[in-house]
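> Structure: structure-v3.cif, mmCIF, C-alpha atoms.
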data_input
#
loop_
_atom_site.label_atom_id
_atom_site.label_comp_id
_atom_site.auth_asym_id
_atom_site.auth_seq_id
_atom_site.Cartn_x
_atom_site.Cartn_y
_atom_site.Cartn_z
CA MET Z 1 108.75 136.59 -3.21
CA PRO Z 2 110.91 133.70 -1.91
CA LEU Z 3 111.37 130.71 -4.19
CA ARG Z 4 110.09 127.40 -2.89
CA ILE Z 5 112.77 124.76 -2.38
CA ALA Z 6 112.23 121.20 -1.20
CA PHE Z 7 114.69 119.03 0.72
CA CYS Z 8 114.38 115.26 0.92
CA ILE Z 9 116.26 113.01 3.35
CA THR Z 10 115.87 109.43 4.51
CA GLY Z 11 115.45 110.30 8.20
CA LEU Z 12 116.15 113.01 10.76
CA ALA Z 13 118.20 111.17 13.37
CA THR Z 14 121.33 112.88 14.67
CA GLY Z 15 123.76 111.69 12.00
CA GLY Z 16 126.26 113.76 10.03
CA ALA Z 17 124.16 114.09 6.87
CA GLU Z 18 121.09 114.99 8.88
CA ARG Z 19 122.93 117.71 10.81
CA ALA Z 20 124.36 119.03 7.54
CA LEU Z 21 120.85 119.34 6.09
CA CYS Z 22 119.64 121.18 9.20
CA ASN Z 23 122.56 123.61 9.05
CA LEU Z 24 121.89 124.28 5.38
CA VAL Z 25 118.12 124.70 5.61
CA ARG Z 26 118.30 126.98 8.65
CA GLY Z 27 121.11 128.99 7.07
CA LEU Z 28 119.40 129.79 3.76
CA ASP Z 29 118.32 133.41 3.27
CA PRO Z 30 114.54 133.43 4.02
CA SER Z 31 114.09 136.45 1.77
CA LYS Z 32 115.22 134.28 -1.18
CA TRP Z 33 114.09 130.78 -0.26
CA GLN Z 34 111.06 129.16 1.37
CA SER Z 35 112.14 125.70 2.47
CA LYS Z 36 110.24 122.53 3.28
CA VAL Z 37 111.80 119.24 4.37
CA PHE Z 38 110.38 115.87 3.32
CA CYS Z 39 111.49 112.95 5.52
CA LEU Z 40 110.98 109.51 4.00
CA SER Z 41 110.71 107.80 7.37
CA SER Z 42 109.09 108.91 10.60
CA SER Z 43 110.20 111.99 12.50
CA GLY Z 44 113.55 112.17 14.31
CA PRO Z 45 115.03 114.48 16.95
CA LEU Z 46 116.28 116.99 14.37
CA ALA Z 47 112.74 117.54 13.08
CA ASP Z 48 111.91 119.47 16.26
CA GLN Z 49 114.91 121.74 15.73
CA LEU Z 50 113.80 122.49 12.17
CA GLU Z 51 110.22 123.22 13.16
CA GLN Z 52 111.37 125.46 16.01
CA SER Z 53 113.26 127.43 13.35
CA GLY Z 54 110.08 127.84 11.33
CA ILE Z 55 110.90 125.11 8.77
CA SER Z 56 108.01 122.84 7.82
CA VAL Z 57 108.72 119.09 8.01
CA LYS Z 58 106.57 116.47 6.29
CA ASN Z 59 107.03 112.83 7.38
CA LEU Z 60 106.16 110.29 4.69
CA CYS Z 61 106.23 107.30 7.06
CA ALA Z 62 108.01 104.72 4.92
CA ARG Z 63 107.71 101.32 6.59
CA ASN Z 64 111.34 100.47 5.80
CA ARG Z 65 114.09 101.39 3.35
CA TRP Z 66 112.54 99.25 0.62
CA ASP Z 67 109.04 100.73 0.83
CA ILE Z 68 108.72 101.99 -2.75
CA THR Z 69 105.23 103.35 -2.10
CA VAL Z 70 106.92 106.33 -0.44
CA ILE Z 71 107.95 107.52 -3.91
CA ARG Z 72 104.30 107.96 -4.88
CA ARG Z 73 103.57 109.84 -1.64
CA LEU Z 74 106.58 112.09 -2.14
CA SER Z 75 105.54 112.83 -5.72
CA ARG Z 76 102.03 113.80 -4.56
CA GLU Z 77 103.45 116.13 -1.89
CA LEU Z 78 105.82 117.73 -4.39
CA ARG Z 79 102.95 118.39 -6.82
CA ILE Z 80 101.12 120.16 -3.98
CA TRP Z 81 104.17 122.13 -2.78
CA ARG Z 82 105.41 122.95 -6.31
CA PRO Z 83 109.06 123.73 -5.52
CA CYS Z 84 111.38 125.16 -8.15
CA LEU Z 85 114.19 122.93 -6.91
CA LEU Z 86 114.53 119.66 -4.98
CA GLN Z 87 117.72 118.83 -3.03
CA SER Z 88 118.07 115.29 -1.67
CA PHE Z 89 120.48 113.85 0.91
CA LEU Z 90 121.56 110.19 1.27
CA PHE Z 91 121.14 107.27 -1.13
CA HIS Z 92 117.50 106.28 -0.62
CA ALA Z 93 116.37 109.92 -0.66
CA ASN Z 94 118.40 110.51 -3.84
CA ILE Z 95 116.64 107.69 -5.67
CA ALA Z 96 113.16 108.54 -4.32
CA GLY Z 97 113.72 112.24 -4.97
CA ARG Z 98 114.80 111.73 -8.58
CA LEU Z 99 111.82 109.55 -9.45
CA ALA Z 100 109.23 111.51 -7.47
CA GLY Z 101 110.65 114.84 -8.62
CA LYS Z 102 110.52 113.75 -12.25
CA TRP Z 103 106.90 112.58 -11.95
CA ALA Z 104 105.93 115.77 -10.10
CA GLY Z 105 107.55 118.00 -12.70
CA VAL Z 106 110.11 119.65 -10.38
CA PRO Z 107 112.20 121.90 -12.67
CA VAL Z 108 115.60 121.24 -11.04
CA ILE Z 109 116.60 118.11 -9.12
CA VAL Z 110 119.87 118.04 -7.18
CA SER Z 111 121.25 114.94 -5.46
CA GLY Z 112 123.78 114.72 -2.65
CA ALA Z 113 126.73 112.29 -2.60
CA ARG Z 114 128.08 111.99 0.93
CA VAL Z 115 130.12 108.78 0.95
CA ALA Z 116 132.25 106.65 -1.36
CA GLU Z 117 130.22 103.52 -0.64
CA ARG Z 118 132.29 100.33 -0.86
CA ARG Z 119 129.93 97.86 0.77
CA ALA Z 120 128.22 96.68 -2.42
CA ARG Z 121 128.08 97.43 -6.15
CA TRP Z 122 124.33 97.64 -6.55
CA PRO Z 123 123.96 101.18 -5.13
CA MET Z 124 126.21 102.54 -7.89
CA LEU Z 125 124.17 100.63 -10.48
CA VAL Z 126 120.89 102.08 -9.17
CA ASP Z 127 122.46 105.53 -9.01
CA ARG Z 128 123.64 105.22 -12.61
CA ILE Z 129 120.23 104.08 -13.86
CA THR Z 130 118.40 107.00 -12.21
CA SER Z 131 121.07 109.65 -12.81
CA CYS Z 132 119.26 110.86 -15.94
CA TYR Z 133 116.54 112.34 -13.70
CA ALA Z 134 118.95 114.54 -11.73
CA HIS Z 135 120.39 117.79 -13.03
CA HIS Z 136 123.32 117.93 -10.64
CA THR Z 137 125.00 116.22 -7.67
CA VAL Z 138 126.74 117.92 -4.76
CA CYS Z 139 129.69 115.93 -3.37
CA VAL Z 140 131.10 116.57 0.09
CA SER Z 141 134.75 116.07 -0.90
CA ASP Z 142 137.04 115.89 -3.91
CA GLU Z 143 137.44 112.13 -3.39
CA VAL Z 144 133.68 111.56 -3.44
CA ALA Z 145 133.45 113.60 -6.65
CA MET Z 146 136.13 111.39 -8.23
CA TRP Z 147 134.23 108.33 -7.01
CA MET Z 148 131.02 109.56 -8.64
CA ARG Z 149 132.87 110.36 -11.85
CA ASP Z 150 134.78 107.09 -12.09
CA ARG Z 151 132.34 104.59 -10.57
CA ALA Z 152 128.91 106.09 -11.27
CA HIS Z 153 130.04 107.73 -14.53
CA TRP Z 154 128.71 111.19 -13.74
CA PRO Z 155 130.10 113.89 -16.06
CA GLU Z 156 132.25 116.45 -14.25
CA SER Z 157 129.95 119.24 -15.48
CA LYS Z 158 127.17 117.78 -13.30
CA LEU Z 159 129.28 117.52 -10.14
CA SER Z 160 130.13 120.17 -7.54
CA VAL Z 161 132.13 119.86 -4.33
CA ILE Z 162 130.76 121.64 -1.26
CA PRO Z 163 132.43 120.43 1.95
CA ASN Z 164 130.62 119.83 5.19
CA ALA Z 165 130.56 122.55 7.83
CA VAL Z 166 130.11 122.88 11.56
CA GLN Z 167 128.73 125.42 14.00
CA VAL Z 168 131.91 126.05 15.96
CA LYS Z 169 130.45 127.85 18.98
CA PRO Z 170 128.41 124.99 20.55
CA PHE Z 171 131.47 122.73 20.51
CA ASP Z 172 133.99 125.38 21.52
CA GLU Z 173 131.92 126.58 24.47
CA ALA Z 174 130.65 123.18 25.71
CA LEU Z 175 131.54 122.19 29.25
CA PRO Z 176 133.20 118.84 30.02
CA LEU Z 177 131.25 116.19 31.90
CA SER Z 178 132.25 114.48 35.10
CA ARG Z 179 134.43 111.52 34.18
CA ALA Z 180 133.20 109.70 37.26
CA GLU Z 181 129.70 109.63 35.76
CA LEU Z 182 131.16 107.82 32.75
CA GLY Z 183 133.05 105.34 34.92
CA ILE Z 184 136.42 106.81 33.92
CA PRO Z 185 139.19 107.89 36.36
CA ASN Z 186 139.95 111.60 36.44
CA ASP Z 187 143.62 111.02 35.57
CA ALA Z 188 142.87 108.79 32.55
CA PHE Z 189 143.90 109.63 28.98
CA VAL Z 190 140.51 109.40 27.25
CA VAL Z 191 140.29 108.32 23.62
CA MET Z 192 136.86 108.88 22.05
CA PHE Z 193 134.99 107.52 19.03
CA VAL Z 194 131.58 108.79 17.91
CA GLY Z 195 129.52 107.18 15.16
CA ARG Z 196 127.44 104.25 14.00
CA LEU Z 197 128.79 100.90 15.19
CA ASP Z 198 129.17 99.49 11.70
CA LEU Z 199 131.84 97.66 9.68
CA GLN Z 200 132.50 100.86 7.71
CA LYS Z 201 133.92 102.51 10.83
CA GLY Z 202 136.82 100.06 11.29
CA LEU Z 203 135.92 99.37 14.92
CA TYR Z 204 137.67 96.00 15.05
CA ASP Z 205 140.86 97.79 13.96
CA LEU Z 206 140.27 100.42 16.64
CA ILE Z 207 139.84 97.79 19.36
CA GLU Z 208 143.04 96.05 18.26
CA ALA Z 209 144.91 99.36 18.21
CA PHE Z 210 143.60 100.29 21.64
CA GLU Z 211 144.64 96.90 23.05
CA SER Z 212 148.24 97.70 22.11
CA MET Z 213 147.92 101.27 23.39
CA SER Z 214 146.54 100.13 26.75
CA VAL Z 215 149.73 98.12 27.35
CA ARG Z 216 151.97 101.06 26.48
CA ILE Z 217 149.78 103.74 28.10
CA PRO Z 218 148.11 101.95 31.05
CA GLU Z 219 146.05 105.02 32.02
CA SER Z 220 144.29 105.11 28.63
CA HIS Z 221 140.52 104.56 28.35
CA LEU Z 222 138.35 104.28 25.22
CA LEU Z 223 134.90 105.90 25.05
CA ILE Z 224 132.64 104.53 22.28
CA VAL Z 225 129.63 106.75 21.61
CA GLY Z 226 126.91 105.45 19.32
CA LYS Z 227 124.81 102.41 18.46
CA GLY Z 228 124.67 100.04 15.54
CA PRO Z 229 124.63 96.42 14.33
CA LEU Z 230 128.13 95.62 15.60
CA GLU Z 231 127.53 96.58 19.22
CA ARG Z 232 126.86 93.09 20.58
CA LYS Z 233 129.79 91.54 18.68
CA LEU Z 234 132.13 94.30 19.87
CA ARG Z 235 131.04 93.84 23.47
CA ASP Z 236 131.48 90.07 23.22
CA ARG Z 237 134.94 90.42 21.71
CA ILE Z 238 136.05 92.82 24.43
CA LEU Z 239 134.47 90.94 27.33
CA GLN Z 240 137.26 88.38 27.78
CA LYS Z 241 140.10 90.87 27.31
CA SER Z 242 142.25 92.15 30.14
CA PHE Z 243 141.53 95.74 29.11
CA ALA Z 244 137.73 95.30 29.03
CA GLU Z 245 137.17 97.66 31.98
CA LYS Z 246 138.92 100.43 30.04
CA ILE Z 247 136.36 100.47 27.19
CA HIS Z 248 133.08 102.28 27.82
CA PHE Z 249 129.98 102.08 25.60
CA THR Z 250 127.57 104.99 26.04
CA GLY Z 251 124.99 104.37 23.30
CA TRP Z 252 123.59 107.39 21.45
CA ARG Z 253 124.02 110.65 23.35
CA ASP Z 254 122.64 114.14 22.72
CA ASP Z 255 125.53 115.79 24.57
CA VAL Z 256 128.35 115.01 22.13
CA PRO Z 257 129.92 118.51 22.44
CA CYS Z 258 130.30 117.97 26.19
CA LEU Z 259 131.65 114.46 25.67
CA LEU Z 260 134.23 115.78 23.21
CA LYS Z 261 135.33 118.34 25.78
CA THR Z 262 135.71 115.49 28.28
CA ALA Z 263 138.05 113.51 25.98
CA ASP Z 264 141.76 113.97 25.29
CA LEU Z 265 141.84 112.50 21.78
CA PHE Z 266 139.30 111.82 19.04
CA VAL Z 267 139.78 108.82 16.74
CA LEU Z 268 138.29 107.67 13.44
CA ALA Z 269 139.40 104.28 12.08
CA SER Z 270 136.99 104.13 9.12
CA HIS Z 271 137.58 102.06 5.98
CA TRP Z 272 135.71 104.56 3.81
CA GLU Z 273 133.92 107.87 4.29
CA GLY Z 274 132.88 111.01 2.41
CA MET Z 275 133.76 113.86 4.73
CA PRO Z 276 133.04 112.87 8.35
CA ASN Z 277 131.20 115.63 10.20
CA VAL Z 278 132.31 114.26 13.53
CA VAL Z 279 135.96 115.07 12.74
CA LEU Z 280 134.94 118.69 12.13
CA GLU Z 281 133.14 118.64 15.47
CA ALA Z 282 136.19 117.30 17.29
CA MET Z 283 138.34 119.99 15.68
CA ALA Z 284 135.82 122.64 16.75
CA ALA Z 285 135.90 121.26 20.29
CA GLY Z 286 139.66 121.73 20.34
CA ILE Z 287 140.83 118.14 20.79
CA PRO Z 288 143.44 116.43 18.57
CA VAL Z 289 142.40 113.91 15.93
CA VAL Z 290 143.90 110.62 14.74
CA SER Z 291 142.19 109.37 11.58
CA THR Z 292 142.67 106.88 8.79
CA ASP Z 293 143.33 108.33 5.35
CA VAL Z 294 139.77 107.92 4.08
CA GLU Z 295 137.80 110.18 1.75
CA GLY Z 296 137.52 113.79 2.89
CA ILE Z 297 140.15 113.60 5.62
CA GLY Z 298 142.81 115.13 3.39
CA GLN Z 299 140.68 118.28 3.09
CA LEU Z 300 140.06 118.43 6.85
CA VAL Z 301 143.24 117.31 8.58
CA GLU Z 302 146.77 118.37 7.63
CA ASP Z 303 148.86 115.42 8.76
CA GLY Z 304 151.28 116.48 11.47
CA VAL Z 305 149.85 120.01 11.56
CA SER Z 306 146.20 119.77 12.64
CA GLY Z 307 146.06 116.04 13.42
CA LEU Z 308 147.64 112.70 12.57
CA VAL Z 309 146.60 110.62 9.54
CA VAL Z 310 147.47 106.94 9.22
CA PRO Z 311 146.79 104.21 6.62
CA SER Z 312 143.41 102.52 6.77
CA ARG Z 313 143.21 98.92 8.07
CA ASN Z 314 146.55 99.27 9.89
CA PRO Z 315 145.96 98.88 13.67
CA LYS Z 316 149.69 99.10 14.50
CA ALA Z 317 150.08 102.48 12.77
CA PHE Z 318 146.89 103.66 14.46
CA SER Z 319 148.10 102.55 17.87
CA ASP Z 320 151.49 104.19 17.35
CA ALA Z 321 149.81 107.51 16.48
CA MET Z 322 147.61 107.40 19.57
CA VAL Z 323 150.59 106.61 21.78
CA VAL Z 324 152.62 109.47 20.27
CA LEU Z 325 149.94 111.99 21.27
CA ALA Z 326 149.22 110.44 24.65
CA SER Z 327 152.93 110.77 25.43
CA ASP Z 328 153.29 114.38 24.28
CA PRO Z 329 150.80 116.87 25.78
CA ALA Z 330 152.57 119.83 24.15
CA ARG Z 331 152.13 118.31 20.70
CA CYS Z 332 148.49 117.58 21.46
CA ALA Z 333 147.99 121.24 22.30
CA ARG Z 334 149.66 122.42 19.08
CA LEU Z 335 147.59 120.08 16.91
CA SER Z 336 144.38 121.04 18.71
CA ASN Z 337 144.97 124.75 18.25
CA ALA Z 338 145.81 124.34 14.56
CA ALA Z 339 142.72 122.16 14.05
CA TYR Z 340 140.46 124.72 15.73
CA GLN Z 341 141.87 127.55 13.59
CA ARG Z 342 141.47 125.50 10.42
CA VAL Z 343 137.84 124.54 11.01
CA ALA Z 344 136.90 128.08 12.06
CA GLN Z 345 138.50 129.58 8.95
CA TYR Z 346 137.54 127.13 6.22
CA PHE Z 347 134.51 125.12 7.33
CA SER Z 348 131.95 127.62 8.60
CA VAL Z 349 128.25 127.02 8.04
CA GLY Z 350 127.94 130.46 6.46
CA SER Z 351 130.46 129.57 3.77
CA MET Z 352 128.74 126.24 3.06
CA VAL Z 353 125.33 127.94 2.74
CA ASP Z 354 126.74 130.58 0.39
CA HIS Z 355 128.09 127.88 -1.91
CA TYR Z 356 124.75 126.05 -1.99
CA GLU Z 357 122.83 129.26 -2.69
CA SER Z 358 125.20 130.15 -5.55
CA LEU Z 359 124.77 126.68 -7.04
CA TYR Z 360 120.97 126.81 -6.77
CA GLU Z 361 120.85 130.23 -8.44
CA ARG Z 362 123.12 129.04 -11.26
CA LEU Z 363 121.08 125.90 -11.91
CA LEU Z 364 117.78 127.79 -11.88
CA ASN Z 365 119.17 130.41 -14.27
CA GLN Z 366 120.38 127.65 -16.60
CA GLN Z 367 116.95 126.03 -16.49
CA GLU Z 368 115.27 129.33 -17.31
CA MET Z 369 117.61 129.92 -20.24
CA GLU Z 370 116.96 126.44 -21.61
CA ILE Z 371 113.20 127.07 -21.45
CA GLU Z 372 113.57 130.44 -23.20
CA THR Z 373 115.71 128.99 -25.99
CA GLY Z 374 113.25 126.17 -26.40
#
Show me the file's structure as C-alpha cells.

Amino acid sequence: MPLRIAFCITGLATGGAERALCNLVRGLDPSKWQSKVFCLSSSGPLADQLEQSGISVKNLCARNRWDITVIRRLSRELRIWRPCLLQSFLFHANIAGRLAGKWAGVPVIVSGARVAERRARWPMLVDRITSCYAHHTVCVSDEVAMWMRDRAHWPESKLSVIPNAVQVKPFDEALPLSRAELGIPNDAFVVMFVGRLDLQKGLYDLIEAFESMSVRIPESHLLIVGKGPLERKLRDRILQKSFAEKIHFTGWRDDVPCLLKTADLFVLASHWEGMPNVVLEAMAAGIPVVSTDVEGIGQLVEDGVSGLVVPSRNPKAFSDAMVVLASDPARCARLSNAAYQRVAQYFSVGSMVDHYESLYERLLNQQEMEIETG
C-alpha cells in the first residue's frame, strides 16, 4: 500500500519553487507514495495541473504571509491525512510545516532551502529557532547548503543537496512567437529576462548594462517577462532614456517556452539565488545564457563552455558579455548546444525524483529504527 506523503508550499503561482514541487509530486512512483499538497494561500495556476494529474490539493486560505492561524489549520489537516512524511517548500511553508507537523505528530519533517536569502537576518533567526522540529533539509545547491550550515547552523548530517530539474521537451519543442506581436523588429538581437521584478534580481544593473549594450549593438532589444514591486520604478527610470523603446515589459506570461525560443540570449543579473530554475529552462530551450556568479550557477553553467558567468553587481562586465555573444553567432551556437546537452544529461526530472525518493526512504527507515531501539 502506498505511503502517504504531504507537501506544503506557500502558494502555487508559476514560480521556480512551485514548478519544482509540481515536477517532484507528479514524478513520484504512485505505487510507493500517495501525495497530497497543502497550499498555505489560495489556489494558483499550478493547482489545476496537479489536480489534473490526480494529486489532491488543499488550500488553507491564509489571509497574508503573517497569518499564523494557518498553522493551526494545517495541523488539523495533517492530523486527518496522517502522512508518514511532510516535505515543505519556501520559507513560510517551512516554518508553518515544522510547527504544524510537530503538533500533528508527523513522524518525519523535511524542509526545503531554495535560496541564500540576503535581504534580512530575521529569516535565519526564525529558521534556527524552529530547526529542532525538522529532521532534514534539502538544499538546491552546494552554496545553499553551505549557507544553511554557516548561517543557520544546521549540522551537515541534516543537509542534502538535490539540484533543481527541468522537463526538457516542452522547452526544446516550443515554437517561437511573432516578434511583431511583442513590438520587436524581426532583425533585432533579443535579450530576455524572466522572473520577479525584485531587488534580488539585479534589474537596475541589467538596465545599466543594456544601456551600454544598446549603444554598441544598436539592434539589441530587451524583453522583461514578469511582475513585481519594482515594475513602476523600472518603467519610470527607463522612460526618459533614449533606448526606452528597446525595452519591452510583458508582465506574467504562461508561454515562457515560446518566449525563450523567440529570444537570442537569456540573462540573469541576480545578487543572490539558490539554483534558478529559469536558467535551466533557457538551457533546455537552446539559447545561450549570461549570468552573474550567484548561488547555484556554478553547478549549472560552465563559464565559457555552456554560458558566460560574470561578477555580480558589475554592469560593465555584464554588458561586455552580452556584446561578446551578440557579436559572435557561432559562439552563441556552441554555448547553446553545450548548455542543452548539459541540462539534458544532468538535470532531468527523473534524476531529481529518484534522489528525493531515496532520501525519503532513508529517513523513514532511520525513524523506524529509532522507534524499534526505543
> Please return, as a list in words, all polymer residues that have at least one atom within 9 Å of the point (114.2, 118.6, -11.1); use only C-alpha atoms and the file's own coordinate frame.
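Every polymer residue passing the test: Cys84, Leu85, Leu86, Gln87, Gly97, Arg98, Gly101, Lys102, Ala104, Gly105, Val106, Pro107, Val108, Ile109, Val110, Tyr133, Ala134 and His135 of chain Z.
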> Using only C-alpha atoms, determine which residues lie at most 8 Å from Gly307 of chain Z, disregarding the query and same-chain residues fewer than 4 positions distant; provide the list as a ChimeraX atom specification.
/Z:288-291,301-303,335-336,339
> Do you know which residues are at most 10 Å from Trp154 of chain Z counting all atoms listed in the file, after dropping those on the same chain fewer than 2 positions away, and could you put them as number ranges by chain?
Z: 127-128, 131-132, 136-137, 145-152, 156-159
> Please, what distance in Å, to one decimal, runs between atom CA of Val310 of chain Z and atom CA of Met283 of chain Z?
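Answer for the atom CA of Val310 of chain Z to atom CA of Met283 of chain Z separation: 17.2 Å.
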> Just the residues within 9 Å of Ala20 of chain Z, please, counting only C-alpha atoms, with nothing from its chain fewer than 6 positions along; format it as a PDB file with C-alpha atoms, in the frame of the given file.

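Saved the output as out20.pdb:
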ATOM      1  CA  ASN Z 164     130.620 119.830   5.190  1.00  0.00           C
ATOM      2  CA  ALA Z 165     130.560 122.550   7.830  1.00  0.00           C
ATOM      3  CA  VAL Z 166     130.110 122.880  11.560  1.00  0.00           C
ATOM      4  CA  ASN Z 277     131.200 115.630  10.200  1.00  0.00           C
ATOM      5  CA  VAL Z 349     128.250 127.020   8.040  1.00  0.00           C
TER       6      VAL Z 349
END
> Using only C-alpha atoms, determine which residues lie at most 8 Å from Leu230 of chain Z, disregarding the query and same-chain residues fewer than 5 positions distant; provide the list as number ranges by chain.
Z: 197-199
> Write out, as a compact mmCIF listing (two decimals), in the frame of the given file, the residues just selected, with C-alpha atoms.

# COMPACT_ATOMS: atom_id res chain seq x y z
CA LEU Z 197 128.79 100.90 15.19
CA ASP Z 198 129.17 99.49 11.70
CA LEU Z 199 131.84 97.66 9.68
> Between Z:Glu117, Z:Asp29, Z:Glu231, Z:Glu51, which one has atoms that come closest to Leu203 of chain Z, using all atoms listed in the file?
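That would be Z:Glu231, the residue with the smallest distance to Leu203 of chain Z.
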> Once the PyMOL selection byres ((chain Z and resi 54-64) around 10) has been applied to the shown file, what residues remain in the selection, as a PyMOL selection string?
chain Z and resi 7-8+10-12+22+25-26+34-44+47-53+65-71+73-74+77
> May I ask for the distance between atom CA of Gly296 of chain Z and atom CA of Pro311 of chain Z, given in Å to one decimal place?
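Atom-to-atom, atom CA of Gly296 of chain Z to atom CA of Pro311 of chain Z, that is 13.8 Å.
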> Separation of atom CA of Leu78 of chain Z and atom CA of Gly350 of chain Z, in Å?
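Atom CA of Gly350 of chain Z lies at a distance of 27.7 Å from atom CA of Leu78 of chain Z.
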> Restricting the calculation to only C-alpha atoms, which member of Z:Ala317, Z:Met192, Z:Met275, Z:Met124 is positioned closest to Val144 of chain Z?
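Of Z:Ala317, Z:Met192, Z:Met275, Z:Met124, the one nearest Val144 of chain Z, counting only C-alpha atoms, is Z:Met275.
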> Edge lengths and centre in Å to one decimal, as lines of an AutoDock Vina configuration file, of the axis-aligned box that encloses all listed atoms of segment 22-29 of chain Z with 8 Å added on every side?

center_x = 120.3
center_y = 127.3
center_z = 6.2
size_x = 20.4
size_y = 28.2
size_z = 21.9
> Set the distance at 9 Å and use all atoms listed in the file: which residues neighbour Tyr204 of chain Z once local chain neighbours fewer than 5 positions away are removed? I'd like the list as a list in words.
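Listing them by chain and then by number gives Leu199, Ala209, Leu234, Ala269 and Pro315 of chain Z.
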> Using the chain letters and numbers from the file, give me the residues hit by the PyMOL selection byres ((chain Z and resi 219-224) around 6), as a PyMOL selection string.
chain Z and resi 188-193+214+217-218+225+246-249
> Do you know which residues the PyMOL selection byres ((chain Z and resi 14) around 8) returns on this file, as number ranges by chain?
Z: 12-13, 15-16, 18-19, 44-46
